[in-house]
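Enquirer: For reference, this is upload.cif, and it has mmCIF, C-alpha atoms.
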data_protein
#
loop_
_atom_site.label_atom_id
_atom_site.label_comp_id
_atom_site.auth_asym_id
_atom_site.auth_seq_id
_atom_site.Cartn_x
_atom_site.Cartn_y
_atom_site.Cartn_z
CA MET M 30 -66.78 -110.44 41.05
CA ILE M 31 -64.59 -109.12 38.27
CA ASN M 32 -61.76 -111.34 37.06
CA ALA M 33 -58.64 -109.73 38.53
CA ASP M 34 -56.35 -112.26 36.84
CA ARG M 35 -57.76 -111.44 33.40
CA LEU M 36 -57.49 -107.71 34.07
CA TRP M 37 -53.84 -108.06 35.13
CA ASP M 38 -53.00 -110.23 32.13
CA ARG M 39 -54.45 -107.63 29.76
CA LEU M 40 -52.55 -104.84 31.50
CA MET M 41 -49.32 -106.77 30.99
CA GLN M 42 -50.14 -107.46 27.33
CA LEU M 43 -50.78 -103.79 26.71
CA SER M 44 -47.57 -102.80 28.50
CA SER M 45 -45.55 -104.50 25.76
CA ILE M 46 -46.65 -101.90 23.20
CA GLY M 47 -44.37 -98.86 23.09
CA THR M 48 -41.70 -100.30 25.38
CA GLN M 49 -38.50 -98.25 25.35
CA GLU M 50 -34.91 -99.48 25.66
CA VAL M 51 -34.36 -96.85 28.36
CA GLY M 52 -37.38 -98.18 30.21
CA GLY M 53 -41.03 -97.29 30.38
CA ILE M 54 -43.73 -96.93 27.73
CA THR M 55 -44.03 -94.32 24.99
CA ARG M 56 -47.35 -94.21 23.14
CA LEU M 57 -47.96 -90.76 21.70
CA SER M 58 -51.26 -89.79 20.12
CA PHE M 59 -51.88 -90.74 16.47
CA SER M 60 -48.70 -92.84 16.45
CA PRO M 61 -48.19 -96.44 15.30
CA GLU M 62 -47.82 -97.44 18.96
CA GLU M 63 -51.17 -95.89 19.85
CA ARG M 64 -52.75 -97.65 16.86
CA ALA M 65 -51.35 -100.98 18.00
CA ALA M 66 -52.70 -100.36 21.52
CA LYS M 67 -56.14 -99.53 20.13
CA ASP M 68 -56.14 -102.68 18.02
CA LEU M 69 -55.27 -104.82 21.03
CA VAL M 70 -57.97 -103.21 23.19
CA THR M 71 -60.48 -103.55 20.34
CA GLY M 72 -59.89 -107.29 20.58
CA PHE M 73 -60.47 -107.20 24.35
CA MET M 74 -63.71 -105.26 23.85
CA LYS M 75 -64.98 -107.79 21.34
CA GLU M 76 -64.07 -110.64 23.71
CA ALA M 77 -66.18 -108.83 26.31
CA GLY M 78 -69.17 -108.94 23.98
CA LEU M 79 -69.21 -105.22 23.24
CA SER M 80 -69.98 -103.48 19.98
CA VAL M 81 -66.92 -101.44 19.00
CA ARG M 82 -66.41 -98.28 16.98
CA GLU M 83 -64.13 -95.25 16.72
CA ASP M 84 -65.60 -91.78 16.53
CA GLU M 85 -64.56 -88.72 14.54
CA VAL M 86 -61.75 -87.72 16.93
CA GLY M 87 -60.37 -91.24 17.26
CA ASN M 88 -61.97 -92.25 20.57
CA LEU M 89 -62.23 -96.04 20.83
CA ILE M 90 -65.68 -96.96 22.18
CA GLY M 91 -67.06 -100.31 23.38
CA ARG M 92 -70.81 -100.41 24.10
CA LYS M 93 -73.11 -102.67 26.11
CA GLU M 94 -76.76 -102.03 25.37
CA GLY M 95 -79.35 -101.35 28.08
CA THR M 96 -82.92 -102.55 28.37
CA ASN M 97 -84.23 -99.04 27.68
CA PRO M 98 -83.02 -97.90 24.23
CA ASN M 99 -83.96 -94.30 25.04
CA ALA M 100 -82.10 -94.07 28.34
CA PRO M 101 -78.98 -91.86 28.52
CA VAL M 102 -75.67 -93.72 28.49
CA VAL M 103 -73.32 -94.22 31.43
CA LEU M 104 -69.70 -93.69 30.37
CA ILE M 105 -66.54 -95.30 31.71
CA GLY M 106 -63.26 -93.93 30.39
CA SER M 107 -59.58 -93.23 30.47
CA HIS M 108 -56.76 -93.22 27.90
CA LEU M 109 -54.13 -95.37 26.18
CA ASP M 110 -51.58 -92.69 25.25
CA SER M 111 -48.61 -92.06 27.51
CA VAL M 112 -45.94 -89.54 28.32
CA PRO M 113 -42.42 -90.37 27.04
CA SER M 114 -41.05 -93.35 29.02
CA GLY M 115 -44.17 -93.44 31.16
CA GLY M 116 -45.66 -96.26 33.21
CA ASN M 117 -47.94 -99.22 32.55
CA PHE M 118 -50.96 -98.14 34.59
CA ASP M 119 -51.66 -94.44 33.97
CA GLY M 120 -54.72 -94.58 31.68
CA PRO M 121 -54.80 -98.27 30.73
CA LEU M 122 -56.05 -99.32 34.18
CA GLY M 123 -59.20 -97.24 33.70
CA VAL M 124 -59.86 -98.46 30.16
CA LEU M 125 -59.22 -102.15 30.82
CA SER M 126 -61.12 -102.09 34.14
CA GLY M 127 -64.09 -100.69 32.22
CA VAL M 128 -63.83 -103.51 29.70
CA GLU M 129 -63.55 -106.02 32.55
CA ALA M 130 -66.60 -104.59 34.32
CA LEU M 131 -68.76 -104.91 31.21
CA GLN M 132 -67.41 -108.37 30.39
CA THR M 133 -68.31 -109.48 33.92
CA MET M 134 -71.83 -108.18 33.43
CA ASN M 135 -72.21 -110.01 30.13
CA GLU M 136 -70.78 -113.26 31.48
CA HIS M 137 -73.24 -113.25 34.38
CA GLY M 138 -76.25 -112.05 32.41
CA VAL M 139 -76.44 -108.75 34.29
CA GLU M 140 -78.66 -106.24 32.51
CA THR M 141 -79.01 -102.53 33.15
CA GLU M 142 -81.65 -100.06 32.08
CA HIS M 143 -79.04 -97.63 30.80
CA PRO M 144 -76.54 -98.54 28.09
CA ILE M 145 -72.90 -98.41 29.19
CA GLU M 146 -69.88 -97.43 27.11
CA VAL M 147 -66.19 -97.73 27.89
CA ILE M 148 -64.08 -95.17 26.06
CA ALA M 149 -60.35 -94.98 25.40
CA PHE M 150 -60.04 -91.24 24.92
CA THR M 151 -57.67 -89.79 22.33
CA ASP M 152 -54.59 -87.91 23.62
CA GLU M 153 -55.35 -87.26 27.27
CA GLU M 154 -51.73 -86.51 28.13
CA GLY M 155 -51.10 -83.61 25.72
CA THR M 156 -47.46 -84.68 25.43
CA ARG M 157 -47.11 -84.66 21.66
CA PHE M 158 -48.74 -81.32 20.86
CA GLY M 159 -48.87 -79.49 24.20
CA TYR M 160 -52.67 -79.62 23.87
CA GLY M 161 -54.30 -82.53 25.66
CA MET M 162 -57.66 -84.16 26.32
CA ILE M 163 -58.50 -84.09 22.61
CA GLY M 164 -60.91 -87.02 22.79
CA SER M 165 -62.87 -85.84 25.82
CA ARG M 166 -63.04 -82.31 24.40
CA GLY M 167 -64.54 -83.86 21.28
CA ILE M 168 -67.15 -85.85 23.24
CA ALA M 169 -68.09 -82.71 25.19
CA GLY M 170 -68.40 -80.57 22.03
CA LEU M 171 -65.50 -78.37 23.14
CA LEU M 172 -63.06 -79.21 20.33
CA LYS M 173 -63.06 -76.82 17.36
CA GLU M 174 -61.36 -77.34 14.02
CA ASP M 175 -59.48 -74.03 14.27
CA GLU M 176 -57.88 -75.24 17.54
CA LEU M 177 -56.09 -78.14 15.83
CA VAL M 178 -53.07 -75.99 15.02
CA SER M 179 -50.61 -76.96 17.76
CA ARG M 180 -47.56 -78.74 16.33
CA ASP M 181 -45.28 -81.45 17.58
CA GLU M 182 -41.48 -81.32 17.51
CA ALA M 183 -41.50 -82.49 13.89
CA GLY M 184 -43.76 -79.61 12.88
CA ILE M 185 -46.85 -81.77 12.37
CA SER M 186 -50.10 -80.14 13.50
CA ILE M 187 -52.93 -81.94 15.31
CA ALA M 188 -55.06 -81.64 12.17
CA GLU M 189 -52.30 -83.12 10.02
CA ALA M 190 -51.71 -85.97 12.47
CA MET M 191 -55.42 -86.77 12.47
CA ALA M 192 -55.52 -86.78 8.68
CA ASN M 193 -52.47 -89.05 8.61
CA VAL M 194 -54.44 -91.75 10.47
CA GLY M 195 -57.57 -91.39 8.36
CA LEU M 196 -59.55 -88.91 10.47
CA ASP M 197 -61.17 -85.84 8.91
CA PRO M 198 -60.64 -82.73 11.07
CA ALA M 199 -63.66 -81.11 9.41
CA GLN M 200 -65.89 -83.81 10.94
CA ILE M 201 -64.84 -83.57 14.59
CA SER M 202 -68.10 -81.88 15.67
CA LYS M 203 -69.90 -85.17 14.95
CA ALA M 204 -68.15 -86.76 17.97
CA ALA M 205 -70.00 -84.42 20.37
CA ARG M 206 -72.73 -85.99 22.50
CA GLU M 207 -76.12 -84.32 22.62
CA PRO M 208 -77.21 -82.62 25.86
CA GLY M 209 -79.08 -85.12 28.02
CA SER M 210 -77.63 -88.14 26.21
CA VAL M 211 -75.14 -89.01 28.98
CA LYS M 212 -76.23 -89.87 32.53
CA ALA M 213 -72.82 -90.05 34.20
CA TYR M 214 -69.11 -90.53 33.68
CA VAL M 215 -67.03 -92.72 36.02
CA GLU M 216 -63.27 -93.30 35.84
CA LEU M 217 -60.83 -95.51 37.71
CA HIS M 218 -57.28 -94.17 37.75
CA ILE M 219 -54.10 -94.69 39.71
CA GLU M 220 -53.66 -91.99 42.34
CA GLN M 221 -50.22 -90.83 41.12
CA GLY M 222 -49.52 -89.70 44.67
CA LYS M 223 -48.76 -91.07 48.13
CA VAL M 224 -51.91 -90.32 50.13
CA LEU M 225 -53.53 -93.76 49.87
CA GLU M 226 -50.24 -95.52 50.48
CA SER M 227 -49.57 -93.37 53.55
CA ARG M 228 -52.95 -94.43 54.96
CA ASP M 229 -52.53 -98.10 53.90
CA LEU M 230 -55.67 -97.89 51.76
CA SER M 231 -56.29 -99.67 48.48
CA VAL M 232 -58.78 -97.23 46.94
CA GLY M 233 -59.94 -93.64 47.37
CA ILE M 234 -62.84 -91.44 46.35
CA VAL M 235 -61.95 -88.30 44.39
CA SER M 236 -63.59 -85.06 45.51
CA GLY M 237 -62.43 -82.96 42.57
CA VAL M 238 -59.70 -82.49 40.00
CA ALA M 239 -57.26 -79.59 40.00
CA GLY M 240 -57.42 -77.47 36.87
CA PRO M 241 -54.13 -77.11 34.95
CA LEU M 242 -53.01 -73.75 33.66
CA TRP M 243 -50.17 -74.02 31.13
CA LEU M 244 -48.15 -70.93 30.29
CA LYS M 245 -45.08 -70.40 28.12
CA PHE M 246 -42.65 -67.71 29.32
CA ILE M 247 -40.42 -66.09 26.68
CA LEU M 248 -37.60 -63.89 28.00
CA GLU M 249 -35.45 -61.91 25.58
CA GLY M 250 -32.27 -60.22 26.65
CA GLU M 251 -28.97 -59.57 24.92
CA ALA M 252 -26.59 -62.32 23.82
CA GLY M 253 -22.92 -61.59 24.39
CA HIS M 254 -19.46 -62.99 24.96
CA ALA M 255 -19.23 -64.79 28.28
CA GLY M 256 -15.76 -63.46 28.96
CA ALA M 257 -15.97 -59.94 27.60
CA THR M 258 -19.24 -58.70 29.10
CA PRO M 259 -19.05 -57.42 32.71
CA MET M 260 -21.64 -58.79 35.10
CA ASN M 261 -23.18 -55.38 35.75
CA MET M 262 -23.70 -54.76 32.03
CA ARG M 263 -25.54 -57.95 31.19
CA LYS M 264 -29.16 -58.44 30.17
CA ASP M 265 -29.22 -62.16 30.88
CA PRO M 266 -32.66 -63.76 30.33
CA LEU M 267 -31.54 -67.03 31.91
CA ALA M 268 -30.65 -65.34 35.19
CA ALA M 269 -34.04 -63.61 35.09
CA ALA M 270 -35.75 -66.92 34.34
CA ALA M 271 -34.03 -68.53 37.31
CA GLU M 272 -35.40 -65.82 39.58
CA VAL M 273 -38.90 -66.27 38.14
CA MET M 274 -38.73 -70.03 38.71
CA LEU M 275 -37.96 -69.44 42.38
CA VAL M 276 -40.96 -67.12 42.54
CA ILE M 277 -43.13 -69.89 41.08
CA GLU M 278 -41.90 -72.32 43.72
CA ARG M 279 -42.43 -69.83 46.54
CA GLN M 280 -45.90 -68.64 45.51
CA ALA M 281 -47.25 -72.15 44.93
CA ALA M 282 -45.81 -73.39 48.24
CA ARG M 283 -47.71 -70.67 50.11
CA GLN M 284 -51.01 -72.45 49.33
CA GLU M 285 -52.32 -75.71 50.74
CA ILE M 286 -52.93 -77.52 47.44
CA SER M 287 -51.40 -75.34 44.67
CA VAL M 288 -48.49 -76.79 42.70
CA GLY M 289 -46.31 -75.05 40.14
CA THR M 290 -43.94 -76.90 37.84
CA VAL M 291 -41.41 -75.74 35.24
CA GLY M 292 -41.11 -78.82 33.07
CA LYS M 293 -39.47 -77.51 29.92
CA LEU M 294 -36.58 -75.07 29.51
CA GLN M 295 -34.85 -73.95 26.31
CA VAL M 296 -31.85 -71.63 26.13
CA PHE M 297 -30.78 -69.87 22.93
CA PRO M 298 -28.31 -69.89 21.28
CA GLY M 299 -27.05 -72.47 23.75
CA GLY M 300 -23.27 -72.04 23.66
CA VAL M 301 -21.10 -72.71 26.68
CA ASN M 302 -19.30 -69.36 26.23
CA ILE M 303 -22.32 -67.26 25.20
CA ILE M 304 -24.60 -65.22 27.44
CA PRO M 305 -28.07 -66.38 26.38
CA GLY M 306 -30.14 -64.02 24.27
CA ARG M 307 -33.45 -65.81 24.67
CA VAL M 308 -34.95 -68.27 27.13
CA GLU M 309 -38.25 -70.11 26.96
CA PHE M 310 -39.82 -72.18 29.73
CA THR M 311 -43.22 -73.60 30.58
CA LEU M 312 -45.29 -73.35 33.73
CA ASP M 313 -47.87 -75.93 34.81
CA LEU M 314 -49.91 -74.35 37.63
CA ARG M 315 -52.71 -76.27 39.36
CA ASP M 316 -55.24 -76.05 42.18
CA VAL M 317 -58.70 -77.47 42.83
CA ASP M 318 -59.90 -73.93 43.67
CA ILE M 319 -59.90 -71.72 40.59
CA GLN M 320 -59.80 -68.51 42.65
CA VAL M 321 -56.69 -69.65 44.50
CA ARG M 322 -55.03 -70.71 41.24
CA ASP M 323 -55.80 -67.34 39.68
CA GLN M 324 -54.39 -65.50 42.70
CA VAL M 325 -51.15 -67.50 42.50
CA GLU M 326 -50.92 -66.79 38.77
CA GLN M 327 -51.35 -63.06 39.34
CA ALA M 328 -48.71 -63.03 42.06
CA ILE M 329 -46.23 -64.87 39.83
CA MET M 330 -46.87 -62.53 36.92
CA ALA M 331 -46.41 -59.39 39.02
CA GLU M 332 -43.05 -60.56 40.36
CA ALA M 333 -41.92 -61.86 36.96
CA GLU M 334 -42.60 -58.50 35.35
CA ALA M 335 -40.68 -56.69 38.09
CA ILE M 336 -37.70 -59.06 37.82
CA CYS M 337 -37.48 -58.69 34.04
CA ALA M 338 -37.84 -54.92 34.19
CA LYS M 339 -35.02 -54.72 36.75
CA ARG M 340 -32.74 -56.82 34.56
CA GLY M 341 -33.60 -55.09 31.27
CA VAL M 342 -35.17 -58.28 29.87
CA LYS M 343 -38.28 -58.35 27.71
CA LEU M 344 -41.03 -60.68 28.97
CA GLN M 345 -43.74 -62.32 26.90
CA VAL M 346 -46.17 -64.93 28.22
CA GLU M 347 -48.28 -67.18 26.00
CA LEU M 348 -51.32 -69.13 27.19
CA LEU M 349 -51.11 -72.81 26.18
CA GLN M 350 -54.23 -74.00 27.99
CA ARG M 351 -56.46 -73.00 30.89
CA ILE M 352 -58.78 -75.72 32.21
CA ASN M 353 -61.17 -75.13 35.08
CA PRO M 354 -61.07 -77.49 38.05
CA ALA M 355 -63.75 -80.19 38.12
CA VAL M 356 -65.94 -81.00 41.12
CA CYS M 357 -67.03 -84.62 41.39
CA SER M 358 -70.75 -85.41 41.71
CA GLU M 359 -72.08 -86.06 45.21
CA GLU M 360 -74.36 -88.79 43.80
CA ILE M 361 -71.49 -90.64 42.17
CA ARG M 362 -69.28 -90.18 45.23
CA ALA M 363 -72.05 -91.76 47.33
CA ALA M 364 -72.28 -94.67 44.88
CA ILE M 365 -68.51 -95.18 45.10
CA GLN M 366 -68.68 -95.06 48.91
CA ALA M 367 -71.46 -97.67 48.90
CA ALA M 368 -69.42 -99.86 46.54
CA CYS M 369 -66.39 -99.65 48.84
CA ALA M 370 -68.53 -100.53 51.84
CA ALA M 371 -69.99 -103.53 50.01
CA GLU M 372 -66.46 -104.76 49.34
CA GLY M 373 -65.34 -104.12 52.91
CA LEU M 374 -62.84 -101.52 51.78
CA GLU M 375 -61.99 -98.61 54.06
CA THR M 376 -61.48 -95.43 52.06
CA ILE M 377 -61.01 -91.67 52.19
CA THR M 378 -61.98 -88.75 49.99
CA LEU M 379 -59.14 -86.78 48.42
CA PRO M 380 -58.54 -84.32 45.57
CA SER M 381 -56.67 -85.12 42.38
CA GLY M 382 -53.73 -82.90 41.56
CA ALA M 383 -53.33 -84.55 38.16
CA GLY M 384 -55.70 -83.64 35.34
CA HIS M 385 -58.12 -86.16 33.86
CA ASP M 386 -60.61 -86.35 31.00
CA CYS M 387 -63.54 -85.84 33.38
CA MET M 388 -62.59 -82.16 33.52
CA GLN M 389 -63.91 -81.72 29.98
CA LEU M 390 -67.19 -83.50 30.70
CA THR M 391 -68.58 -81.56 33.67
CA GLU M 392 -70.99 -79.53 31.50
CA LEU M 393 -72.17 -82.69 29.76
CA CYS M 394 -72.90 -84.91 32.77
CA PRO M 395 -72.08 -85.59 36.43
CA VAL M 396 -68.57 -87.04 36.84
CA GLY M 397 -66.88 -89.22 39.42
CA MET M 398 -63.49 -90.83 39.95
CA ILE M 399 -62.01 -93.72 41.90
CA PHE M 400 -58.32 -93.84 42.81
CA ALA M 401 -56.21 -96.98 43.15
CA ARG M 402 -53.09 -96.90 45.31
CA SER M 403 -49.77 -96.05 43.64
CA LYS M 404 -46.56 -97.58 44.99
CA ASP M 405 -44.35 -94.80 46.38
CA GLY M 406 -46.64 -92.30 44.65
CA ILE M 407 -44.60 -92.63 41.45
CA SER M 408 -46.18 -91.91 38.05
CA HIS M 409 -45.08 -90.73 34.59
CA ASN M 410 -42.07 -92.90 35.26
CA PRO M 411 -41.02 -96.46 34.36
CA ALA M 412 -41.21 -97.31 38.08
CA GLU M 413 -44.96 -96.57 38.17
CA TYR M 414 -46.71 -99.54 39.82
CA THR M 415 -50.11 -100.49 41.19
CA SER M 416 -50.38 -104.01 42.60
CA LYS M 417 -52.61 -106.69 41.12
CA GLU M 418 -54.68 -106.62 44.33
CA ASP M 419 -55.20 -102.86 44.19
CA CYS M 420 -56.05 -102.99 40.47
CA GLY M 421 -58.61 -105.69 41.24
CA ASN M 422 -60.10 -103.76 44.16
CA GLY M 423 -60.39 -100.63 42.05
CA ALA M 424 -62.03 -102.53 39.21
CA GLN M 425 -64.48 -104.19 41.59
CA VAL M 426 -65.49 -100.80 43.03
CA LEU M 427 -65.83 -99.46 39.48
CA TYR M 428 -68.06 -102.42 38.59
CA ARG M 429 -70.41 -101.83 41.52
CA THR M 430 -70.48 -98.08 40.98
CA VAL M 431 -71.30 -98.31 37.29
CA LEU M 432 -73.92 -100.99 37.94
CA SER M 433 -75.56 -98.67 40.46
CA MET M 434 -75.50 -95.68 38.09
CA ALA M 435 -76.83 -97.70 35.12
CA SER M 436 -79.53 -99.62 36.98
CA GLY M 437 -82.12 -96.88 36.57
CA LYS M 438 -83.06 -96.99 40.25
#
Please express the file's structure as C-alpha cells.

Expert:
Amino acid sequence: MINADRLWDRLMQLSSIGTQEVGGITRLSFSPEERAAKDLVTGFMKEAGLSVREDEVGNLIGRKEGTNPNAPVVLIGSHLDSVPSGGNFDGPLGVLSGVEALQTMNEHGVETEHPIEVIAFTDEEGTRFGYGMIGSRGIAGLLKEDELVSRDEAGISIAEAMANVGLDPAQISKAAREPGSVKAYVELHIEQGKVLESRDLSVGIVSGVAGPLWLKFILEGEAGHAGATPMNMRKDPLAAAAEVMLVIERQAARQEISVGTVGKLQVFPGGVNIIPGRVEFTLDLRDVDIQVRDQVEQAIMAEAEAICAKRGVKLQVELLQRINPAVCSEEIRAAIQAACAAEGLETITLPSGAGHDCMQLTELCPVGMIFARSKDGISHNPAEYTSKEDCGNGAQVLYRTVLSMASGK
C-alpha cells in the first residue's frame, strides 16, 4: 500500500509555494515559485531513492531503474505550474503520487523489468505565454526552437524565459525521446468536474482527452464619441463581439460534449464615453471528437463573418494552438480497471474535457489516465479540493497500474 499520509503531507508542503494573499496558488512557468516547487519535489524524489535530473526543456525527472537495462521506460507524469490563483491539486497530485508509488516500490523491494520515471512537465497550463504543454512537447519531439516566440505580459518570450533560468533554447531537441524508448505513459489527475462526485465514486478511468483549439478574435470598427454618434451610424466591434460570443455559446451547446469558452476580453481604447475601435477576445473550443470540434469551429466562423459584415466591422482570427484529441490506450484502461477491482473500488469510464500532457505523447507511446474525485467539480480556483482519501485511492490505483505496465508480463 502507498503511504497516503506521506502523500498528503507533501501535497500540503507544496501548496505553501506560490500562495497568494487573494487566495490560491500562482506558480507560472520559469518563475521563482516554479523553481522553488521543483527544488522541493527534487528533495522528495531523492527521499524516494530515485535518481534525479532536469532535461533540456526543464522537465524534472526522477528515475527508478528496471532489471532489464534495455527495456523501454514507463512514464508517470503531471505538472507543478498553475494558473493564477489556482488550486493545490491540479498537477501536483499526479507528480507526487508518482513519487509515492516509486518510493513504495523501493521501500518494499519491488522490482520491475522496465525502468520507471516520474516527470514534472514544464508549463502544462500555458498561462504565462498562451502556449502550453512545453515539457511534454519537448519529450515527444514536437517542440521547435522557432516556436518559442510567444511572449508573456511583460514582453518576455518563451526562449528568453528559458535562457533566464539557465536553459539553452538551441538544445531543446535533446529532450526528445527516441521512438520505441517509452512503453507507456500513465497519469493521475483530479477530474476537474462533477461526474465522479455525482456518482459517489472515488476514481474514474479516462477514455480520452478533448483537444483544445485556441483562437484569438480581433474585431476592428470605428471609435467615436459615445454621445455624438447615432446608434444606426456606429461600427461598434464590441457589440459585434457580443453577438459572436452568443454564437459560440449556442453552437457549442448544440453538441453533447463540445464546450466553448471566451476567457479573455480586451477593449480599446477603453474609455467610458468612447465607442470602442478595437476588441480582442480568445476562444477555447474543445471536444473529444475532432470532426465535431471542426464542425463547431466552422459554424462559429461562418456566423462571425456574417455578423461583422453586417455591422461594418473588420474580422481577423489568429490561431494560438490546435491540439488533436487523445484516445487512451485500451491496454492501459484495462490495467486501471484491474487495479480498481483489486482495491475494491467501483468506477466508471469518462472523457476528460480538460487538456493534459498525454495529448502530446500519443505518437510516442500508449497513454492512460486515472481521475480522482473533485469536490463540487471546482478547479482552477482556490476552492479546488480532493480529499485525502480520494488522493490515496487514486495513488494506490496508479501504483498498481504502473506496476502492471512495468512488470514485463

Enquirer: Set out as JSON lines a contact list for segment 234-312 of chain M and segment 350-364 of chain M with a cut-off of 7 Å, giving each residue of segment 234-312 of chain M that qualifies its closest atom pair and distance in Å to one decimal, counting only C-alpha atoms, ordered by chain and rising residue number.

Expert:
{"residue": "M:Ile234", "atom": "CA", "partner": "M:Arg362", "partner_atom": "CA", "distance": 6.7}
{"residue": "M:Val235", "atom": "CA", "partner": "M:Cys357", "partner_atom": "CA", "distance": 7.0}
{"residue": "M:Ser236", "atom": "CA", "partner": "M:Cys357", "partner_atom": "CA", "distance": 5.4}
{"residue": "M:Gly237", "atom": "CA", "partner": "M:Val356", "partner_atom": "CA", "distance": 4.3}
{"residue": "M:Val238", "atom": "CA", "partner": "M:Ala355", "partner_atom": "CA", "distance": 5.0}
{"residue": "M:Ala239", "atom": "CA", "partner": "M:Pro354", "partner_atom": "CA", "distance": 4.8}
{"residue": "M:Gly240", "atom": "CA", "partner": "M:Pro354", "partner_atom": "CA", "distance": 3.8}
{"residue": "M:Pro241", "atom": "CA", "partner": "M:Ile352", "partner_atom": "CA", "distance": 5.6}
{"residue": "M:Leu242", "atom": "CA", "partner": "M:Arg351", "partner_atom": "CA", "distance": 4.5}
{"residue": "M:Trp243", "atom": "CA", "partner": "M:Gln350", "partner_atom": "CA", "distance": 5.1}

Enquirer: Under the rule that only C-alpha atoms are counted, which of M:Met262, M:Gly164, M:Met134, M:Ser403 is the nearest residue to Arg228 of chain M?

Expert: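 Ranked by minimum distance to Arg228 of chain M, first place goes to M:Ser403.
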
Enquirer: Contacts of Val194 of chain M at 12 Å or less, counting all atoms listed in the file, minus same-chain residues fewer than 6 places along, as a list of chain:residue names?

Expert: M:Ser58, M:Phe59, M:Ser60, M:Pro61, M:Glu63, M:Arg64, M:Glu85, M:Val86, M:Gly87, M:Ile187, M:Ala188

Enquirer: Check which residues satisfy the PyMOL selection byres ((chain M and resi 81) around 6) in the file shown, then give them as a PDB file with C-alpha atoms, keeping the file's coordinate frame.

Expert:
ATOM      1  CA  SER M  80     -69.980-103.480  19.980  1.00  0.00           C
ATOM      2  CA  ARG M  82     -66.410 -98.280  16.980  1.00  0.00           C
ATOM      3  CA  ILE M  90     -65.680 -96.960  22.180  1.00  0.00           C
ATOM      4  CA  GLY M  91     -67.060-100.310  23.380  1.00  0.00           C
TER       5      GLY M  91
END

Enquirer: Please list as a VMD selection string every residue within 6 Å of segment 283-299 of chain M, counting only C-alpha atoms and excluding residues in the same chain fewer than 5 positions away.

Expert: chain M and resid 305 307 to 316

Enquirer: Applied to the shown file, which residues does the PyMOL selection byres ((chain M and resi 65) around 12) return, written as a PyMOL selection string?

Expert: chain M and resi 42-47+56-64+66-72+109-110

Enquirer: Would you mind telling me which residue in M:Leu374, M:Val426, M:Leu40, M:Ala331 lies nearest to Glu216 of chain M when using all atoms listed in the file?

Expert: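 The closest residue to Glu216 of chain M is M:Val426.
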
Enquirer: Give as a list in words the residues that the PyMOL selection byres ((chain M and resi 89) around 6) matches when applied to the coordinates above.

Expert: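 Applied to this file, the PyMOL selection byres ((chain M and resi 89) around 6) selects Glu83, Asn88, Ile90, Ile148 and Ala149 of chain M.
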
Enquirer: Using only C-alpha atoms, which residues sit within 12 Å of Gly373 of chain M once same-chain residues fewer than 3 positions away are excluded, as a ChimeraX atom specification?

Expert: /M:230-232,366-370,376,422,425-426

Enquirer: Can those selected residues be exported to a file as a compact mmCIF listing (two decimals), in the coordinates of the input so that it contains C-alpha atoms?

Expert:
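This went into again.txt:
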# COMPACT_ATOMS: atom_id res chain seq x y z
CA LEU M 230 -55.67 -97.89 51.76
CA SER M 231 -56.29 -99.67 48.48
CA VAL M 232 -58.78 -97.23 46.94
CA GLN M 366 -68.68 -95.06 48.91
CA ALA M 367 -71.46 -97.67 48.90
CA ALA M 368 -69.42 -99.86 46.54
CA CYS M 369 -66.39 -99.65 48.84
CA ALA M 370 -68.53 -100.53 51.84
CA THR M 376 -61.48 -95.43 52.06
CA ASN M 422 -60.10 -103.76 44.16
CA GLN M 425 -64.48 -104.19 41.59
CA VAL M 426 -65.49 -100.80 43.03

Enquirer: Determine the nearest neighbour of Asp419 of chain M from the options M:Leu122, M:Ile303, M:Ala183, M:Ala255, counting all atoms listed in the file.

Expert: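 The answer is M:Leu122, which sits nearest to Asp419 of chain M.
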
Enquirer: Can you work out which one of M:Ala199, M:Ile219, M:Ala335, M:Leu390 has the shortest atom-to-atom distance to Glu413 of chain M, counting only C-alpha atoms?

Expert: M:Ile219

Enquirer: What gap, in Å, lies between atom CA of Pro208 of chain M and atom CA of Asn99 of chain M?

Expert: 13.5 Å

Enquirer: Pick from M:Ser408, M:Gln280, M:Ser210, M:Ser186: nearest to Glu332 of chain M, with only C-alpha atoms counted?

Expert: M:Gln280

Enquirer: Choose the residue, out of M:Arg206, M:Arg322, M:His409, M:Arg279, that has the smallest atom-to-atom separation from Pro101 of chain M; count all atoms listed in the file.

Expert: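 Nearest candidate to Pro101 of chain M out of M:Arg206, M:Arg322, M:His409, M:Arg279: M:Arg206.
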
Enquirer: Go ahead and compute the interatomic distance for atom CA of Gly209 of chain M and atom CA of Asp152 of chain M, in Å to one decimal.

Expert: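 Straight-line distance from atom CA of Gly209 of chain M to atom CA of Asp152 of chain M works out to 25.0 Å.
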
Enquirer: Quick check, in Å to one decimal: how far apart do atom CA of Asn97 of chain M and atom CA of Gly437 of chain M lie?

Expert: 9.4 Å

Enquirer: For segment 371-375 of chain M, where the input has fewer atoms than it should, I would like N, CA, C and O atoms rebuilt and written as a PDB file, keeping the file's coordinate frame.

Expert:
ATOM      1  N   ALA M 371     -69.547-102.182  50.390  1.00  0.00           N
ATOM      2  CA  ALA M 371     -69.990-103.530  50.010  1.00  0.00           C
ATOM      3  C   ALA M 371     -68.815-104.481  49.861  1.00  0.00           C
ATOM      4  O   ALA M 371     -68.952-105.689  50.077  1.00  0.00           O
ATOM      5  N   GLU M 372     -67.665-103.944  49.505  1.00  0.00           N
ATOM      6  CA  GLU M 372     -66.460-104.760  49.340  1.00  0.00           C
ATOM      7  C   GLU M 372     -65.622-104.819  50.622  1.00  0.00           C
ATOM      8  O   GLU M 372     -64.560-105.445  50.645  1.00  0.00           O
ATOM      9  N   GLY M 373     -66.089-104.136  51.652  1.00  0.00           N
ATOM     10  CA  GLY M 373     -65.340-104.120  52.910  1.00  0.00           C
ATOM     11  C   GLY M 373     -64.064-103.327  52.842  1.00  0.00           C
ATOM     12  O   GLY M 373     -63.110-103.611  53.577  1.00  0.00           O
ATOM     13  N   LEU M 374     -64.036-102.324  51.982  1.00  0.00           N
ATOM     14  CA  LEU M 374     -62.840-101.520  51.780  1.00  0.00           C
ATOM     15  C   LEU M 374     -62.960-100.180  52.505  1.00  0.00           C
ATOM     16  O   LEU M 374     -63.869 -99.395  52.229  1.00  0.00           O
ATOM     17  N   GLU M 375     -62.068 -99.928  53.429  1.00  0.00           N
ATOM     18  CA  GLU M 375     -61.990 -98.610  54.060  1.00  0.00           C
ATOM     19  C   GLU M 375     -61.436 -97.622  53.041  1.00  0.00           C
ATOM     20  O   GLU M 375     -60.565 -97.953  52.237  1.00  0.00           O
TER      21      GLU M 375
END
